[in-house]
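Visitor: Contents of data_22.cif (mmCIF, N, CA and C atoms) are given next:
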data_target
loop_
_atom_site.label_atom_id
_atom_site.label_comp_id
_atom_site.auth_asym_id
_atom_site.auth_seq_id
_atom_site.Cartn_x
_atom_site.Cartn_y
_atom_site.Cartn_z
N MET L 1 -36.24 61.60 117.11
CA MET L 1 -35.94 60.81 115.93
C MET L 1 -37.25 60.59 115.14
N ALA L 2 -37.21 60.86 113.85
CA ALA L 2 -38.41 60.69 113.02
C ALA L 2 -38.67 59.20 112.78
N GLU L 3 -39.92 58.84 112.79
CA GLU L 3 -40.32 57.47 112.51
C GLU L 3 -40.78 57.38 111.05
N PHE L 4 -40.57 56.24 110.45
CA PHE L 4 -41.04 56.01 109.09
C PHE L 4 -42.55 55.84 109.15
N ASP L 5 -43.27 56.77 108.56
CA ASP L 5 -44.72 56.78 108.67
C ASP L 5 -45.33 56.70 107.27
N GLU L 6 -45.83 55.54 106.91
CA GLU L 6 -46.38 55.34 105.57
C GLU L 6 -47.63 56.17 105.33
N ARG L 7 -48.40 56.46 106.36
CA ARG L 7 -49.66 57.17 106.17
C ARG L 7 -49.45 58.63 105.85
N SER L 8 -48.57 59.29 106.55
CA SER L 8 -48.43 60.73 106.35
C SER L 8 -47.59 61.07 105.12
N GLY L 9 -46.72 60.17 104.74
CA GLY L 9 -45.87 60.46 103.59
C GLY L 9 -44.73 61.41 103.93
N VAL L 10 -44.49 61.66 105.21
CA VAL L 10 -43.48 62.62 105.60
C VAL L 10 -42.53 62.00 106.62
N VAL L 11 -41.24 62.14 106.35
CA VAL L 11 -40.21 61.79 107.33
C VAL L 11 -39.48 63.10 107.61
N GLU L 12 -39.72 63.68 108.79
CA GLU L 12 -39.19 64.99 109.12
C GLU L 12 -37.77 64.92 109.67
N CYS L 13 -37.00 65.93 109.32
CA CYS L 13 -35.69 66.15 109.91
C CYS L 13 -35.81 67.42 110.74
N LYS L 14 -35.72 67.29 112.05
CA LYS L 14 -35.88 68.43 112.95
C LYS L 14 -34.71 69.39 112.82
N THR L 15 -35.00 70.68 112.99
CA THR L 15 -33.99 71.74 112.95
C THR L 15 -34.27 72.71 114.10
N PRO L 16 -33.35 73.62 114.39
CA PRO L 16 -33.60 74.60 115.46
C PRO L 16 -34.81 75.49 115.17
N TRP L 17 -35.14 75.69 113.91
CA TRP L 17 -36.24 76.57 113.54
C TRP L 17 -37.52 75.84 113.14
N GLY L 18 -37.51 74.52 113.09
CA GLY L 18 -38.69 73.75 112.68
C GLY L 18 -38.29 72.39 112.16
N CYS L 19 -38.54 72.16 110.84
CA CYS L 19 -38.14 70.89 110.24
C CYS L 19 -38.09 71.03 108.73
N TRP L 20 -37.51 70.04 108.10
CA TRP L 20 -37.58 69.93 106.64
C TRP L 20 -37.83 68.47 106.29
N TYR L 21 -38.44 68.25 105.13
CA TYR L 21 -38.69 66.90 104.65
C TYR L 21 -38.72 66.91 103.13
N GLN L 22 -38.79 65.73 102.55
CA GLN L 22 -38.77 65.66 101.09
C GLN L 22 -39.73 64.61 100.56
N THR L 23 -40.16 64.86 99.33
CA THR L 23 -40.94 63.89 98.57
C THR L 23 -40.15 63.62 97.30
N VAL L 24 -40.68 62.80 96.42
CA VAL L 24 -40.02 62.55 95.14
C VAL L 24 -39.82 63.87 94.40
N ASP L 25 -40.80 64.77 94.48
CA ASP L 25 -40.79 66.01 93.70
C ASP L 25 -40.21 67.22 94.41
N GLU L 26 -40.36 67.28 95.74
CA GLU L 26 -40.11 68.54 96.43
C GLU L 26 -39.29 68.39 97.72
N ILE L 27 -38.71 69.51 98.10
CA ILE L 27 -38.13 69.71 99.42
C ILE L 27 -39.01 70.74 100.10
N VAL L 28 -39.41 70.46 101.33
CA VAL L 28 -40.28 71.38 102.08
C VAL L 28 -39.60 71.71 103.40
N ALA L 29 -39.49 72.99 103.68
CA ALA L 29 -38.99 73.46 104.97
C ALA L 29 -40.13 74.15 105.69
N GLU L 30 -40.33 73.80 106.95
CA GLU L 30 -41.38 74.42 107.76
C GLU L 30 -40.73 75.14 108.93
N VAL L 31 -40.89 76.46 108.94
CA VAL L 31 -40.30 77.30 109.97
C VAL L 31 -41.41 77.71 110.95
N THR L 32 -41.21 77.39 112.22
CA THR L 32 -42.17 77.79 113.25
C THR L 32 -42.00 79.28 113.51
N LEU L 33 -43.10 80.02 113.41
CA LEU L 33 -43.08 81.47 113.59
C LEU L 33 -43.72 81.86 114.91
N GLU L 34 -43.40 83.07 115.37
CA GLU L 34 -44.12 83.62 116.51
C GLU L 34 -45.57 83.80 116.07
N PRO L 35 -46.54 83.39 116.90
CA PRO L 35 -47.95 83.60 116.52
C PRO L 35 -48.20 85.06 116.16
N GLY L 36 -48.97 85.25 115.09
CA GLY L 36 -49.30 86.59 114.64
C GLY L 36 -48.36 87.15 113.59
N THR L 37 -47.35 86.38 113.18
CA THR L 37 -46.40 86.85 112.15
C THR L 37 -47.14 86.99 110.83
N LYS L 38 -46.92 88.11 110.16
CA LYS L 38 -47.56 88.39 108.87
C LYS L 38 -46.56 88.16 107.74
N ALA L 39 -47.11 87.84 106.56
CA ALA L 39 -46.26 87.58 105.39
C ALA L 39 -45.37 88.77 105.06
N LYS L 40 -45.87 89.98 105.28
CA LYS L 40 -45.06 91.16 104.96
C LYS L 40 -43.84 91.31 105.87
N GLU L 41 -43.78 90.55 106.96
CA GLU L 41 -42.63 90.58 107.87
C GLU L 41 -41.57 89.55 107.47
N ILE L 42 -41.80 88.86 106.35
CA ILE L 42 -40.91 87.78 105.92
C ILE L 42 -40.33 88.09 104.55
N LYS L 43 -39.04 87.82 104.43
CA LYS L 43 -38.37 87.90 103.13
C LYS L 43 -37.80 86.51 102.89
N CYS L 44 -38.27 85.87 101.82
CA CYS L 44 -37.85 84.51 101.52
C CYS L 44 -37.49 84.47 100.04
N LYS L 45 -36.33 83.92 99.72
CA LYS L 45 -35.85 83.99 98.34
C LYS L 45 -35.00 82.77 98.00
N LEU L 46 -35.16 82.30 96.77
CA LEU L 46 -34.28 81.29 96.20
C LEU L 46 -33.66 81.92 94.96
N SER L 47 -32.37 82.18 95.03
CA SER L 47 -31.67 82.82 93.93
C SER L 47 -30.56 81.88 93.48
N GLY L 48 -30.72 81.29 92.30
CA GLY L 48 -29.80 80.25 91.88
C GLY L 48 -30.00 79.07 92.83
N LYS L 49 -28.98 78.73 93.59
CA LYS L 49 -29.11 77.64 94.58
C LYS L 49 -29.05 78.18 96.00
N LYS L 50 -29.08 79.51 96.16
CA LYS L 50 -28.99 80.12 97.48
C LYS L 50 -30.39 80.39 98.04
N LEU L 51 -30.65 79.82 99.21
CA LEU L 51 -31.93 79.99 99.89
C LEU L 51 -31.74 80.88 101.11
N THR L 52 -32.59 81.91 101.21
CA THR L 52 -32.58 82.76 102.40
C THR L 52 -34.00 82.96 102.90
N ALA L 53 -34.14 83.01 104.21
CA ALA L 53 -35.41 83.33 104.85
C ALA L 53 -35.11 84.23 106.03
N VAL L 54 -35.71 85.42 106.02
CA VAL L 54 -35.54 86.40 107.08
C VAL L 54 -36.92 86.71 107.63
N VAL L 55 -37.08 86.56 108.95
CA VAL L 55 -38.36 86.80 109.61
C VAL L 55 -38.17 87.92 110.63
N ARG L 56 -38.93 88.98 110.44
CA ARG L 56 -38.87 90.15 111.34
C ARG L 56 -37.43 90.63 111.53
N GLY L 57 -36.68 90.64 110.41
CA GLY L 57 -35.31 91.13 110.44
C GLY L 57 -34.28 90.12 110.92
N LYS L 58 -34.71 88.94 111.35
CA LYS L 58 -33.78 87.92 111.85
C LYS L 58 -33.60 86.83 110.80
N GLU L 59 -32.34 86.59 110.43
CA GLU L 59 -32.04 85.55 109.44
C GLU L 59 -32.27 84.17 110.05
N ILE L 60 -33.14 83.38 109.44
CA ILE L 60 -33.46 82.05 109.92
C ILE L 60 -32.72 80.99 109.10
N VAL L 61 -32.77 81.13 107.78
CA VAL L 61 -32.14 80.18 106.87
C VAL L 61 -31.28 80.96 105.89
N ASN L 62 -30.05 80.49 105.67
CA ASN L 62 -29.18 81.13 104.70
C ASN L 62 -28.11 80.12 104.26
N GLY L 63 -28.16 79.73 103.00
CA GLY L 63 -27.15 78.80 102.50
C GLY L 63 -27.49 78.29 101.11
N THR L 64 -26.64 77.41 100.63
CA THR L 64 -26.81 76.80 99.31
C THR L 64 -27.58 75.49 99.47
N VAL L 65 -28.66 75.35 98.70
CA VAL L 65 -29.43 74.11 98.78
C VAL L 65 -28.54 72.93 98.41
N ALA L 66 -28.83 71.79 99.03
CA ALA L 66 -27.94 70.63 98.94
C ALA L 66 -28.08 69.83 97.64
N GLY L 67 -29.09 70.11 96.84
CA GLY L 67 -29.28 69.36 95.60
C GLY L 67 -29.67 70.28 94.46
N ASN L 68 -29.93 69.69 93.31
CA ASN L 68 -30.33 70.47 92.15
C ASN L 68 -31.83 70.76 92.20
N VAL L 69 -32.18 72.01 91.89
CA VAL L 69 -33.57 72.45 91.99
C VAL L 69 -34.00 73.19 90.73
N VAL L 70 -35.31 73.31 90.57
CA VAL L 70 -35.88 74.13 89.51
C VAL L 70 -36.03 75.53 90.11
N THR L 71 -35.11 76.43 89.77
CA THR L 71 -35.04 77.72 90.47
C THR L 71 -36.27 78.61 90.27
N ASP L 72 -36.98 78.44 89.16
CA ASP L 72 -38.16 79.28 88.97
C ASP L 72 -39.44 78.62 89.49
N ASP L 73 -39.32 77.49 90.18
CA ASP L 73 -40.47 76.81 90.78
C ASP L 73 -40.25 76.76 92.29
N PHE L 74 -40.52 77.90 92.93
CA PHE L 74 -40.25 78.11 94.34
C PHE L 74 -41.46 78.83 94.94
N LEU L 75 -41.90 78.37 96.09
CA LEU L 75 -43.10 78.93 96.70
C LEU L 75 -42.92 79.00 98.21
N TRP L 76 -43.40 80.06 98.81
CA TRP L 76 -43.46 80.10 100.26
C TRP L 76 -44.79 80.70 100.68
N THR L 77 -45.31 80.20 101.78
CA THR L 77 -46.59 80.66 102.30
C THR L 77 -46.50 80.77 103.82
N VAL L 78 -47.36 81.60 104.37
CA VAL L 78 -47.51 81.69 105.82
C VAL L 78 -48.87 81.10 106.15
N GLU L 79 -48.87 80.12 107.04
CA GLU L 79 -50.10 79.43 107.40
C GLU L 79 -50.49 79.76 108.84
N ASP L 80 -51.72 80.21 109.02
CA ASP L 80 -52.27 80.53 110.34
C ASP L 80 -51.40 81.52 111.12
N ASN L 81 -50.65 82.35 110.42
CA ASN L 81 -49.77 83.35 111.04
C ASN L 81 -48.80 82.74 112.05
N LYS L 82 -48.46 81.46 111.86
CA LYS L 82 -47.52 80.83 112.80
C LYS L 82 -46.60 79.80 112.15
N LEU L 83 -46.73 79.59 110.82
CA LEU L 83 -45.88 78.63 110.14
C LEU L 83 -45.50 79.15 108.76
N LEU L 84 -44.20 79.19 108.48
CA LEU L 84 -43.69 79.52 107.16
C LEU L 84 -43.36 78.21 106.47
N ARG L 85 -44.02 77.96 105.33
CA ARG L 85 -43.76 76.74 104.56
C ARG L 85 -43.06 77.15 103.27
N ILE L 86 -41.86 76.59 103.06
CA ILE L 86 -41.06 76.86 101.86
C ILE L 86 -41.04 75.58 101.03
N VAL L 87 -41.44 75.68 99.76
CA VAL L 87 -41.49 74.52 98.89
C VAL L 87 -40.56 74.75 97.69
N ILE L 88 -39.62 73.83 97.53
CA ILE L 88 -38.64 73.90 96.45
C ILE L 88 -38.81 72.65 95.59
N THR L 89 -38.88 72.81 94.28
CA THR L 89 -39.03 71.67 93.38
C THR L 89 -37.67 71.12 92.99
N LYS L 90 -37.50 69.81 93.18
CA LYS L 90 -36.26 69.14 92.78
C LYS L 90 -36.19 69.09 91.26
N SER L 91 -34.98 69.18 90.71
CA SER L 91 -34.85 69.04 89.25
C SER L 91 -34.90 67.56 88.87
N ASP L 92 -34.43 66.68 89.75
CA ASP L 92 -34.52 65.23 89.51
C ASP L 92 -35.71 64.70 90.32
N ARG L 93 -36.78 64.39 89.61
CA ARG L 93 -37.99 63.93 90.29
C ARG L 93 -38.24 62.44 90.03
N THR L 94 -37.14 61.68 89.96
CA THR L 94 -37.26 60.24 89.73
C THR L 94 -37.41 59.48 91.03
N GLY L 95 -37.10 60.13 92.16
CA GLY L 95 -37.15 59.44 93.44
C GLY L 95 -35.81 58.83 93.81
N ARG L 96 -34.82 59.03 92.95
CA ARG L 96 -33.49 58.50 93.23
C ARG L 96 -32.59 59.55 93.87
N ASP L 97 -33.11 60.76 94.02
CA ASP L 97 -32.34 61.88 94.55
C ASP L 97 -32.80 62.20 95.97
N CYS L 98 -32.28 61.45 96.93
CA CYS L 98 -32.62 61.67 98.33
C CYS L 98 -31.57 62.61 98.94
N TRP L 99 -32.01 63.78 99.37
CA TRP L 99 -31.09 64.75 99.94
C TRP L 99 -30.71 64.35 101.36
N GLN L 100 -29.42 64.48 101.69
CA GLN L 100 -28.96 64.19 103.04
C GLN L 100 -29.11 65.39 103.96
N SER L 101 -29.17 66.58 103.39
CA SER L 101 -29.37 67.79 104.19
C SER L 101 -30.13 68.81 103.37
N LEU L 102 -30.69 69.79 104.06
CA LEU L 102 -31.43 70.85 103.36
C LEU L 102 -30.46 71.78 102.63
N LEU L 103 -29.46 72.24 103.35
CA LEU L 103 -28.45 73.13 102.78
C LEU L 103 -27.09 72.46 102.89
N GLN L 104 -26.18 72.81 102.00
CA GLN L 104 -24.84 72.23 102.04
C GLN L 104 -24.21 72.52 103.40
N GLY L 105 -23.90 71.45 104.14
CA GLY L 105 -23.26 71.58 105.44
C GLY L 105 -24.18 72.02 106.57
N GLN L 106 -25.48 72.13 106.32
CA GLN L 106 -26.42 72.58 107.34
C GLN L 106 -27.66 71.69 107.37
N TYR L 107 -28.15 71.43 108.56
CA TYR L 107 -29.39 70.70 108.80
C TYR L 107 -29.39 69.29 108.20
N PRO L 108 -28.32 68.51 108.44
CA PRO L 108 -28.29 67.15 107.91
C PRO L 108 -29.26 66.23 108.66
N ALA L 109 -29.77 65.26 107.95
CA ALA L 109 -30.60 64.23 108.58
C ALA L 109 -29.67 63.25 109.27
N ASP L 110 -30.03 62.83 110.49
CA ASP L 110 -29.19 61.81 111.13
C ASP L 110 -29.37 60.50 110.35
N PRO L 111 -28.47 59.54 110.54
CA PRO L 111 -28.50 58.31 109.72
C PRO L 111 -29.85 57.59 109.72
N GLN L 112 -30.51 57.50 110.87
CA GLN L 112 -31.81 56.82 110.93
C GLN L 112 -32.88 57.57 110.13
N VAL L 113 -32.91 58.88 110.29
CA VAL L 113 -33.88 59.70 109.55
C VAL L 113 -33.62 59.60 108.05
N TYR L 114 -32.34 59.71 107.66
CA TYR L 114 -31.98 59.62 106.24
C TYR L 114 -32.40 58.27 105.67
N ASP L 115 -32.16 57.20 106.41
CA ASP L 115 -32.56 55.86 105.96
C ASP L 115 -34.08 55.81 105.74
N ASN L 116 -34.83 56.39 106.66
CA ASN L 116 -36.29 56.42 106.53
C ASN L 116 -36.72 57.28 105.35
N MET L 117 -36.01 58.38 105.10
CA MET L 117 -36.31 59.23 103.94
C MET L 117 -36.11 58.43 102.65
N GLU L 118 -35.00 57.71 102.57
CA GLU L 118 -34.72 56.89 101.38
C GLU L 118 -35.81 55.84 101.18
N LYS L 119 -36.22 55.18 102.25
CA LYS L 119 -37.29 54.17 102.15
C LYS L 119 -38.57 54.80 101.62
N LYS L 120 -38.90 55.98 102.14
CA LYS L 120 -40.14 56.66 101.73
C LYS L 120 -40.08 57.03 100.25
N LEU L 121 -38.95 57.57 99.81
CA LEU L 121 -38.83 57.95 98.40
C LEU L 121 -38.88 56.72 97.49
N THR L 122 -38.25 55.64 97.92
CA THR L 122 -38.31 54.40 97.14
C THR L 122 -39.74 53.91 97.03
N MET L 123 -40.48 53.96 98.13
CA MET L 123 -41.87 53.54 98.11
C MET L 123 -42.70 54.42 97.17
N GLU L 124 -42.49 55.74 97.23
CA GLU L 124 -43.20 56.67 96.33
C GLU L 124 -42.87 56.35 94.87
N ARG L 125 -41.58 56.14 94.58
CA ARG L 125 -41.14 55.86 93.21
C ARG L 125 -41.78 54.57 92.69
N VAL L 126 -41.79 53.52 93.51
CA VAL L 126 -42.38 52.24 93.11
C VAL L 126 -43.88 52.40 92.86
N GLN L 127 -44.55 53.17 93.72
CA GLN L 127 -45.99 53.39 93.53
C GLN L 127 -46.24 54.11 92.21
N ARG L 128 -45.42 55.08 91.87
CA ARG L 128 -45.58 55.79 90.60
C ARG L 128 -45.36 54.88 89.41
N GLU L 129 -44.33 54.04 89.51
CA GLU L 129 -44.01 53.13 88.41
C GLU L 129 -45.10 52.09 88.21
N ASP L 130 -45.81 51.74 89.28
CA ASP L 130 -46.86 50.73 89.21
C ASP L 130 -48.18 51.29 88.68
N LEU L 131 -48.30 52.63 88.66
CA LEU L 131 -49.55 53.22 88.16
C LEU L 131 -49.69 52.97 86.67
N PRO L 132 -50.85 52.52 86.22
CA PRO L 132 -51.02 52.32 84.77
C PRO L 132 -51.07 53.67 84.06
N SER L 133 -50.37 53.77 82.95
CA SER L 133 -50.43 55.00 82.19
C SER L 133 -51.68 55.00 81.32
N GLU L 134 -52.22 56.21 81.12
CA GLU L 134 -53.46 56.31 80.36
C GLU L 134 -53.18 56.09 78.88
N SER L 135 -54.09 55.42 78.22
CA SER L 135 -53.97 55.19 76.77
C SER L 135 -54.38 56.44 76.03
N VAL L 136 -53.74 56.69 74.91
CA VAL L 136 -54.08 57.87 74.11
C VAL L 136 -55.01 57.48 73.02
#
Let's see the structure in the file written out as structure tokens.

Guide:
Amino acid sequence: MAEFDERSGVVECKTPWGCWYQTVDEIVAEVTLEPGTKAKEIKCKLSGKKLTAVVRGKEIVNGTVAGNVVTDDFLWTVEDNKLLRIVITKSDRTGRDCWQSLLQGQYPADPQVYDNMEKKLTMERVQREDLPSESV
């Protein structure tokens, strides 16, 4: 069970392949890879609202993202040849759009994790609203 951690800014939802989490702006999925996996062995795509990730010919993620996204603002990277990080930009970046799952019907956050995600997003939103805007 994920704990609400104010310092890290991340409330993780565990999955069979790693985890996913969210911020006010983004959804991030982290896929644990076999050590030594190269980027050329990965096919990762966001087409419309359909997200797919295939590693060494094995489908890891396949489904429709659970919320509205900016389809042309999608990034994936391989870190240390052992972690695939997928970053998707939410279309609603107000902090009021807390996703209950990564994909429709797949990888839902349990109620405690979801509650902690909502708290974290609310805290981020309040911090943004409290920031003084620069004068022109």

Visitor: Let me know the residues the PyMOL selection byres ((chain L and resi 44) around 8) catches in the file above, as a list of chain:residue names.

Guide: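 In the shown coordinates, the PyMOL selection byres ((chain L and resi 44) around 8) covers L:Glu41, L:Ile42, L:Lys43, L:Lys45, L:Leu46, L:Ser47, L:Leu51, L:Thr52, L:Ala53, L:Val54, L:Val55, L:Leu75, L:Trp76.
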
Visitor: So that I can check the surroundings of Arg96 (chain L), please list as an MDAnalysis selection string every protein, DNA and RNA residue that reaches within 8 Å of it, counting all atoms listed in the file and ignoring chain neighbours fewer than 4 positions away.

Guide: chainID L and resid 24 92 121:122 125

Visitor: Pick from L:Thr23, L:Thr15, L:Thr32, L:Gln104: nearest to Glu124 (chain L), with only C-alpha atoms counted?

Guide: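 The shortest atom-to-atom distance to Glu124 (chain L) comes from L:Thr23.
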
Visitor: Based on DSSP run over this structure's backbone, return all residues of chain L in strand (DSSP E), as a PyMOL selection string.

Guide: chain L and resi 13-15+18-22+26-32+42-47+50-55+58-64+69-79+83-90+101-103+106-108

Visitor: Applied to this file, what does the PyMOL selection byres (((chain L and resi 113 and name CA) around 10) and name CA) return in terms of residues, put as a PyMOL selection string?

Guide: chain L and resi 1-4+11-14+21+100+108-112+114-119

Visitor: How far is it from CA of Leu102 (chain L) to CA of Asp80 (chain L), in Å with one decimal?

Guide: 24.0 Å

Visitor: Could you give me, as a PyMOL selection string, the residues within 7 Å of Lys82 (chain L), counting only N, CA and C atoms and dropping anything in the same chain fewer than 4 positions from it?

Guide: chain L and resi 31-37+78

Visitor: From the set L:Ile60, L:Val10, L:Cys98, L:Ile88, which residue has the shortest atom-to-atom contact distance to Asp25 (chain L), counting only N, CA and C atoms?

Guide: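 Ranked by minimum distance to Asp25 (chain L), first place goes to L:Ile88.
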
Visitor: Between L:Arg56, L:Asp73, L:Ala39, L:Leu83, which one has atoms that come closest to Gly18 (chain L), using only C-alpha atoms?

Guide: L:Leu83

Visitor: Measuring between only C-alpha atoms, which one of L:Gln22, L:Thr94, L:Asn68, L:Asn81 shows the shortest distance to Lys38 (chain L)?

Guide: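 Comparing L:Gln22, L:Thr94, L:Asn68, L:Asn81 against Lys38 (chain L), the winner is L:Asn81.
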
Visitor: So how far away is CA of Val126 (chain L) from CA of Glu26 (chain L), in Å?

Guide: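 Result for CA of Glu26 (chain L) versus CA of Val126 (chain L): 16.8 Å, one decimal.
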
Visitor: State, in Å with one decimal place, the distance from atom C of Gly105 (chain L) to atom N of Lys40 (chain L).

Guide: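 Atom-to-atom, atom C of Gly105 (chain L) and atom N of Lys40 (chain L) are spaced 28.2 Å apart.
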
Visitor: Could you please write out, as a PyMOL selection string, every residue of region 26-135 of chain L that DSSP assigns to helix (DSSP H, G or I)?

Guide: chain L and resi 39-41+111-130

Visitor: Is it possible to add N, CA, C and O atoms to region 22-40 of chain L and hand it back as a PDB file, in the coordinates of the input?

Guide:
ATOM      1  N   GLN L  22     -38.790  65.730 102.550  1.00  0.00           N
ATOM      2  CA  GLN L  22     -38.770  65.660 101.090  1.00  0.00           C
ATOM      3  C   GLN L  22     -39.730  64.610 100.560  1.00  0.00           C
ATOM      4  O   GLN L  22     -40.079  63.662 101.255  1.00  0.00           O
ATOM      5  N   THR L  23     -40.160  64.860  99.330  1.00  0.00           N
ATOM      6  CA  THR L  23     -40.940  63.890  98.570  1.00  0.00           C
ATOM      7  C   THR L  23     -40.150  63.620  97.300  1.00  0.00           C
ATOM      8  O   THR L  23     -39.060  64.175  97.109  1.00  0.00           O
ATOM      9  N   VAL L  24     -40.680  62.800  96.420  1.00  0.00           N
ATOM     10  CA  VAL L  24     -40.020  62.550  95.140  1.00  0.00           C
ATOM     11  C   VAL L  24     -39.820  63.870  94.400  1.00  0.00           C
ATOM     12  O   VAL L  24     -38.776  64.103  93.796  1.00  0.00           O
ATOM     13  N   ASP L  25     -40.800  64.770  94.480  1.00  0.00           N
ATOM     14  CA  ASP L  25     -40.790  66.010  93.700  1.00  0.00           C
ATOM     15  C   ASP L  25     -40.210  67.220  94.410  1.00  0.00           C
ATOM     16  O   ASP L  25     -39.704  68.134  93.761  1.00  0.00           O
ATOM     17  N   GLU L  26     -40.360  67.280  95.740  1.00  0.00           N
ATOM     18  CA  GLU L  26     -40.110  68.540  96.430  1.00  0.00           C
ATOM     19  C   GLU L  26     -39.290  68.390  97.720  1.00  0.00           C
ATOM     20  O   GLU L  26     -39.261  67.325  98.325  1.00  0.00           O
ATOM     21  N   ILE L  27     -38.710  69.510  98.100  1.00  0.00           N
ATOM     22  CA  ILE L  27     -38.130  69.710  99.420  1.00  0.00           C
ATOM     23  C   ILE L  27     -39.010  70.740 100.100  1.00  0.00           C
ATOM     24  O   ILE L  27     -39.336  71.777  99.510  1.00  0.00           O
ATOM     25  N   VAL L  28     -39.410  70.460 101.330  1.00  0.00           N
ATOM     26  CA  VAL L  28     -40.280  71.380 102.080  1.00  0.00           C
ATOM     27  C   VAL L  28     -39.600  71.710 103.400  1.00  0.00           C
ATOM     28  O   VAL L  28     -39.179  70.810 104.134  1.00  0.00           O
ATOM     29  N   ALA L  29     -39.490  72.990 103.680  1.00  0.00           N
ATOM     30  CA  ALA L  29     -38.990  73.460 104.970  1.00  0.00           C
ATOM     31  C   ALA L  29     -40.130  74.150 105.690  1.00  0.00           C
ATOM     32  O   ALA L  29     -40.839  74.964 105.090  1.00  0.00           O
ATOM     33  N   GLU L  30     -40.330  73.800 106.950  1.00  0.00           N
ATOM     34  CA  GLU L  30     -41.380  74.420 107.760  1.00  0.00           C
ATOM     35  C   GLU L  30     -40.730  75.140 108.930  1.00  0.00           C
ATOM     36  O   GLU L  30     -40.084  74.520 109.775  1.00  0.00           O
ATOM     37  N   VAL L  31     -40.890  76.460 108.940  1.00  0.00           N
ATOM     38  CA  VAL L  31     -40.300  77.300 109.970  1.00  0.00           C
ATOM     39  C   VAL L  31     -41.410  77.710 110.950  1.00  0.00           C
ATOM     40  O   VAL L  31     -42.407  78.296 110.543  1.00  0.00           O
ATOM     41  N   THR L  32     -41.210  77.390 112.220  1.00  0.00           N
ATOM     42  CA  THR L  32     -42.170  77.790 113.250  1.00  0.00           C
ATOM     43  C   THR L  32     -42.000  79.280 113.510  1.00  0.00           C
ATOM     44  O   THR L  32     -40.885  79.749 113.769  1.00  0.00           O
ATOM     45  N   LEU L  33     -43.100  80.020 113.410  1.00  0.00           N
ATOM     46  CA  LEU L  33     -43.080  81.470 113.590  1.00  0.00           C
ATOM     47  C   LEU L  33     -43.720  81.860 114.910  1.00  0.00           C
ATOM     48  O   LEU L  33     -44.529  81.110 115.466  1.00  0.00           O
ATOM     49  N   GLU L  34     -43.400  83.070 115.370  1.00  0.00           N
ATOM     50  CA  GLU L  34     -44.120  83.620 116.510  1.00  0.00           C
ATOM     51  C   GLU L  34     -45.570  83.800 116.070  1.00  0.00           C
ATOM     52  O   GLU L  34     -45.823  84.302 114.973  1.00  0.00           O
ATOM     53  N   PRO L  35     -46.540  83.390 116.900  1.00  0.00           N
ATOM     54  CA  PRO L  35     -47.950  83.600 116.520  1.00  0.00           C
ATOM     55  C   PRO L  35     -48.200  85.060 116.160  1.00  0.00           C
ATOM     56  O   PRO L  35     -47.687  85.970 116.808  1.00  0.00           O
ATOM     57  N   GLY L  36     -48.970  85.250 115.090  1.00  0.00           N
ATOM     58  CA  GLY L  36     -49.300  86.590 114.640  1.00  0.00           C
ATOM     59  C   GLY L  36     -48.360  87.150 113.590  1.00  0.00           C
ATOM     60  O   GLY L  36     -48.539  88.272 113.126  1.00  0.00           O
ATOM     61  N   THR L  37     -47.350  86.380 113.180  1.00  0.00           N
ATOM     62  CA  THR L  37     -46.400  86.850 112.150  1.00  0.00           C
ATOM     63  C   THR L  37     -47.140  86.990 110.830  1.00  0.00           C
ATOM     64  O   THR L  37     -47.871  86.112 110.410  1.00  0.00           O
ATOM     65  N   LYS L  38     -46.920  88.110 110.160  1.00  0.00           N
ATOM     66  CA  LYS L  38     -47.560  88.390 108.870  1.00  0.00           C
ATOM     67  C   LYS L  38     -46.560  88.160 107.740  1.00  0.00           C
ATOM     68  O   LYS L  38     -45.355  88.298 107.916  1.00  0.00           O
ATOM     69  N   ALA L  39     -47.110  87.840 106.560  1.00  0.00           N
ATOM     70  CA  ALA L  39     -46.260  87.580 105.390  1.00  0.00           C
ATOM     71  C   ALA L  39     -45.370  88.770 105.060  1.00  0.00           C
ATOM     72  O   ALA L  39     -44.233  88.596 104.639  1.00  0.00           O
ATOM     73  N   LYS L  40     -45.870  89.980 105.280  1.00  0.00           N
ATOM     74  CA  LYS L  40     -45.060  91.160 104.960  1.00  0.00           C
ATOM     75  C   LYS L  40     -43.840  91.310 105.870  1.00  0.00           C
ATOM     76  O   LYS L  40     -42.939  92.084 105.581  1.00  0.00           O
TER      77      LYS L  40
END
